[in-house]
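For reference, the structure discussed in these notes is given below.
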Amino acid sequence: MAITREQMEAIAQSVQETQGELNVAQNNRGSLRAQLTEVEFVAKELKMLTSEDDGRVFKLVGPIMVAQGLDEARANVNTRLEFIGAELKKADDLVEKLEKKSEQTRMALLQGQQLLMDQMRAQGAAQGK
Amino acid sequence: MAGAGSVPLKSLTAEQLENVRGDLEKDVGMLEQNVKALAEAQQRLVASQESAGRMAEMGGMAAMVPFTDGIYLPGKIGDTSRLLVDLGTGYFVEKTPEEAQKYFGRRLAIVKENIEKASGILSQKQRNLEAVQAVYRSKAQDQ
């Protein structure tokens with residue numbers, strides 16, 4: 001089974017592309033994790049407030065600070081938590097998928113390199129005769 | 001990770017060692033940045049906490065209030081019994097100065113924990129990096 005230079009280049013290309021995709025996916029996931037932590041913290045703090053008497057809650061919407069009821073604020077934050085949680089799960093799955101793909105492309109590269117070396121050696125032996 | 005995790009360092013080629021060294025250097029750089037950012041956050045939180053502590057004595061004080069970039073207007077600090085505290089993600093809540101101080105204390109505890117974790121990993125990576133560099137040097141000498 002011969003392997004051409006073109007095929008090797010194609011494999012090397014796919015290794016780099018997959019690595020690039022993996023990095024992007026990992027960064028995205030990292031950023032989602034950070035967001036989740038931040039929102040979880042806000043949820044905890046809101047939970048600690050026993051009533052409106054403890055202090056009013058405000059939400060910054062663009063340049064406007066809007067007063068929000070405690071229940072509504074809690075509900076909104078929980079919705080956000082669920083949303084980010086779902087996005088994080090998707091991101092985790094994508095990273096896992098790309099990690100496997102990256103592993104496969106690297107394997108293919110190694111195999112290709114091995115084949116190439118064997119070929120070169122065979123050619124060298126044939127020419128030597 | 002003394003010496004080896006799953007692969008003994010000595011068995012790697014010079015090229016592989018270079019790769020591992022490069023990766024470790026990147027990790028160390030990133031961790032150092034993280035620790036620095038955390039330390040800055042810690043300083044800001046401590047400043048906020050101290051400010052909250054001084055609120056009681058500041059009520060009614062004269063102050064220069066930033067109006068625009070470069071223009072300040074004379075003003076007076078009003079009622080300091082309620083402070084608006086930034087929770088994150090756009091949420092703010094009113095708190096008394098005492099509650100605000102406690103809040104900042106909670107935030108500081110988390111930041112401190114993160115600093116300790118990051119510093120721990122950083123030290124470990126630095127040790128790994130030194131180990132790799134040592135093996136690399138000895139290999140270079142053997143040749």
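By order in the structure tokens, chains are A, B, ...; within a chain, residues start at 1; ligands start at 1, following the order shown.
Every protein or nucleic acid residue with an atom no more than 12 Å from Gln43 in chain B, counting only C-alpha atoms and leaving out same-chain residues fewer than 5 positions away, appears here: B:Lys36, B:Ala37, B:Leu38, B:Ser48, B:Gln49, B:Glu50, B:Phe104, B:Arg107, B:Leu108, B:Val111, B:Lys112.
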(request) From chain A, collect each residue whose DSSP state is alpha helix (DSSP H) and return the set as a PyMOL selection string. (result) chain A and resi 5-48+70-128
(request) Extract, using only C-alpha atoms, all DNA, RNA and protein residues at most 7 Å from range 29-33 of chain A, discarding same-chain residues fewer than 3 positions from it, and format them as number ranges by chain. (result) A: 25-26, 36-37, 84, 88, 91-92
What are the residues of chain A lining chain B at 10 Å or less? Count only C-alpha atoms, and put the answer as a CSV table (one decimal) with N, CA and C atoms, in the first residue's frame.
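Ended up saving to selection.csv:
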```csv
chain,number,residue,atom,x,y,z
A,35,GLN,N,-18.7,31.5,33.2
A,35,GLN,CA,-20.0,32.1,33.3
A,35,GLN,C,-20.9,31.4,34.3
A,38,GLU,N,-20.0,32.2,37.8
A,38,GLU,CA,-20.4,33.5,38.2
A,38,GLU,C,-21.9,33.6,38.5
A,39,VAL,N,-22.7,32.9,37.6
A,39,VAL,CA,-24.2,33.0,37.8
A,39,VAL,C,-24.6,32.2,39.0
A,41,PHE,N,-22.9,32.0,41.7
A,41,PHE,CA,-22.6,32.8,42.8
A,41,PHE,C,-23.8,33.8,43.1
A,42,VAL,N,-24.2,34.4,42.0
A,42,VAL,CA,-25.3,35.4,42.1
A,42,VAL,C,-26.6,34.6,42.6
A,43,ALA,N,-26.8,33.4,42.1
A,43,ALA,CA,-28.0,32.7,42.6
A,43,ALA,C,-27.9,32.4,44.1
A,45,GLU,N,-26.2,34.2,46.3
A,45,GLU,CA,-26.4,35.5,47.1
A,45,GLU,C,-27.9,35.9,47.1
A,46,LEU,N,-28.6,35.7,46.0
A,46,LEU,CA,-30.0,36.0,46.0
A,46,LEU,C,-30.8,35.1,46.9
A,49,LEU,N,-30.9,36.4,50.5
A,49,LEU,CA,-31.7,37.5,50.9
A,49,LEU,C,-33.1,36.9,51.3
A,52,GLU,N,-37.5,41.4,50.6
A,52,GLU,CA,-37.2,42.7,50.0
A,52,GLU,C,-36.7,43.7,51.0
A,53,ASP,N,-37.0,43.5,52.3
A,53,ASP,CA,-36.5,44.4,53.3
A,53,ASP,C,-35.0,44.4,53.4
A,54,ASP,N,-34.4,43.3,53.1
A,54,ASP,CA,-32.9,43.2,53.2
A,54,ASP,C,-32.3,44.2,52.2
A,55,GLY,N,-33.0,44.5,51.2
A,55,GLY,CA,-32.5,45.4,50.2
A,55,GLY,C,-33.1,45.1,48.8
A,56,ARG,N,-33.3,46.1,48.0
A,56,ARG,CA,-33.9,45.9,46.7
A,56,ARG,C,-32.9,45.3,45.7
A,57,VAL,N,-33.4,44.6,44.8
A,57,VAL,CA,-32.5,44.0,43.8
A,57,VAL,C,-32.6,44.8,42.5
A,58,PHE,N,-31.5,45.1,41.9
A,58,PHE,CA,-31.6,45.8,40.6
A,58,PHE,C,-30.9,45.0,39.5
A,59,LYS,N,-31.4,45.2,38.3
A,59,LYS,CA,-30.7,44.6,37.2
A,59,LYS,C,-30.2,45.7,36.2
A,60,LEU,N,-29.0,45.6,35.7
A,60,LEU,CA,-28.5,46.5,34.8
A,60,LEU,C,-28.8,46.1,33.4
A,61,VAL,N,-29.7,46.8,32.8
A,61,VAL,CA,-30.2,46.5,31.4
A,61,VAL,C,-29.6,47.6,30.5
A,62,GLY,N,-28.5,47.3,29.8
A,62,GLY,CA,-27.9,48.3,29.0
A,62,GLY,C,-27.4,49.4,30.0
A,65,MET,N,-30.6,50.9,35.1
A,65,MET,CA,-30.7,50.1,36.3
A,65,MET,C,-32.2,49.9,36.6
A,66,VAL,N,-32.7,48.7,36.5
A,66,VAL,CA,-34.1,48.5,36.8
A,66,VAL,C,-34.3,47.7,38.0
A,67,ALA,N,-35.2,48.2,38.9
A,67,ALA,CA,-35.5,47.5,40.1
A,67,ALA,C,-36.3,46.2,39.7
A,68,GLN,N,-35.9,45.1,40.4
A,68,GLN,CA,-36.6,43.8,40.1
A,68,GLN,C,-37.0,43.2,41.4
A,70,LEU,N,-37.6,40.3,44.0
A,70,LEU,CA,-36.7,39.2,44.4
A,70,LEU,C,-37.1,37.9,43.7
A,73,ALA,N,-36.2,38.0,40.1
A,73,ALA,CA,-34.7,38.0,39.9
A,73,ALA,C,-34.2,36.5,40.1
A,77,VAL,N,-32.4,34.3,37.2
A,77,VAL,CA,-31.1,33.7,37.4
A,77,VAL,C,-31.1,32.2,37.2
```
(request) Would you list the contacts of range 101-110 of chain A as a list in words, taking every protein, DNA or RNA residue within 9 Å and counting only C-alpha atoms, but skipping same-chain residues closer than 5 positions in sequence? (result) Met8, Ile11, Ala12, Ser14, Val15, Gln16, Glu17, Thr18, Gln19, Leu22, Glu96 and Leu115 of chain A
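Note that the spacing between CA of Lys76 in chain B and CA of Glu57 in chain B amounts to 13.0 Å.
Between CA of Ala140 in chain B and CA of Pro8 in chain B there is a distance of 17.1 Å.
Taking range 11-75 of chain B and asking which residues DSSP calls strand (DSSP E or B) on the backbone, you get Ala62, Ala63, Met64, Val65, Pro66, Phe67, Thr68, Ile71, Tyr72, Leu73, Pro74 and Gly75 of chain B.
A straight line drawn from CA of Gly53 in chain B to CA of Glu40 in chain A is 26.6 Å long.
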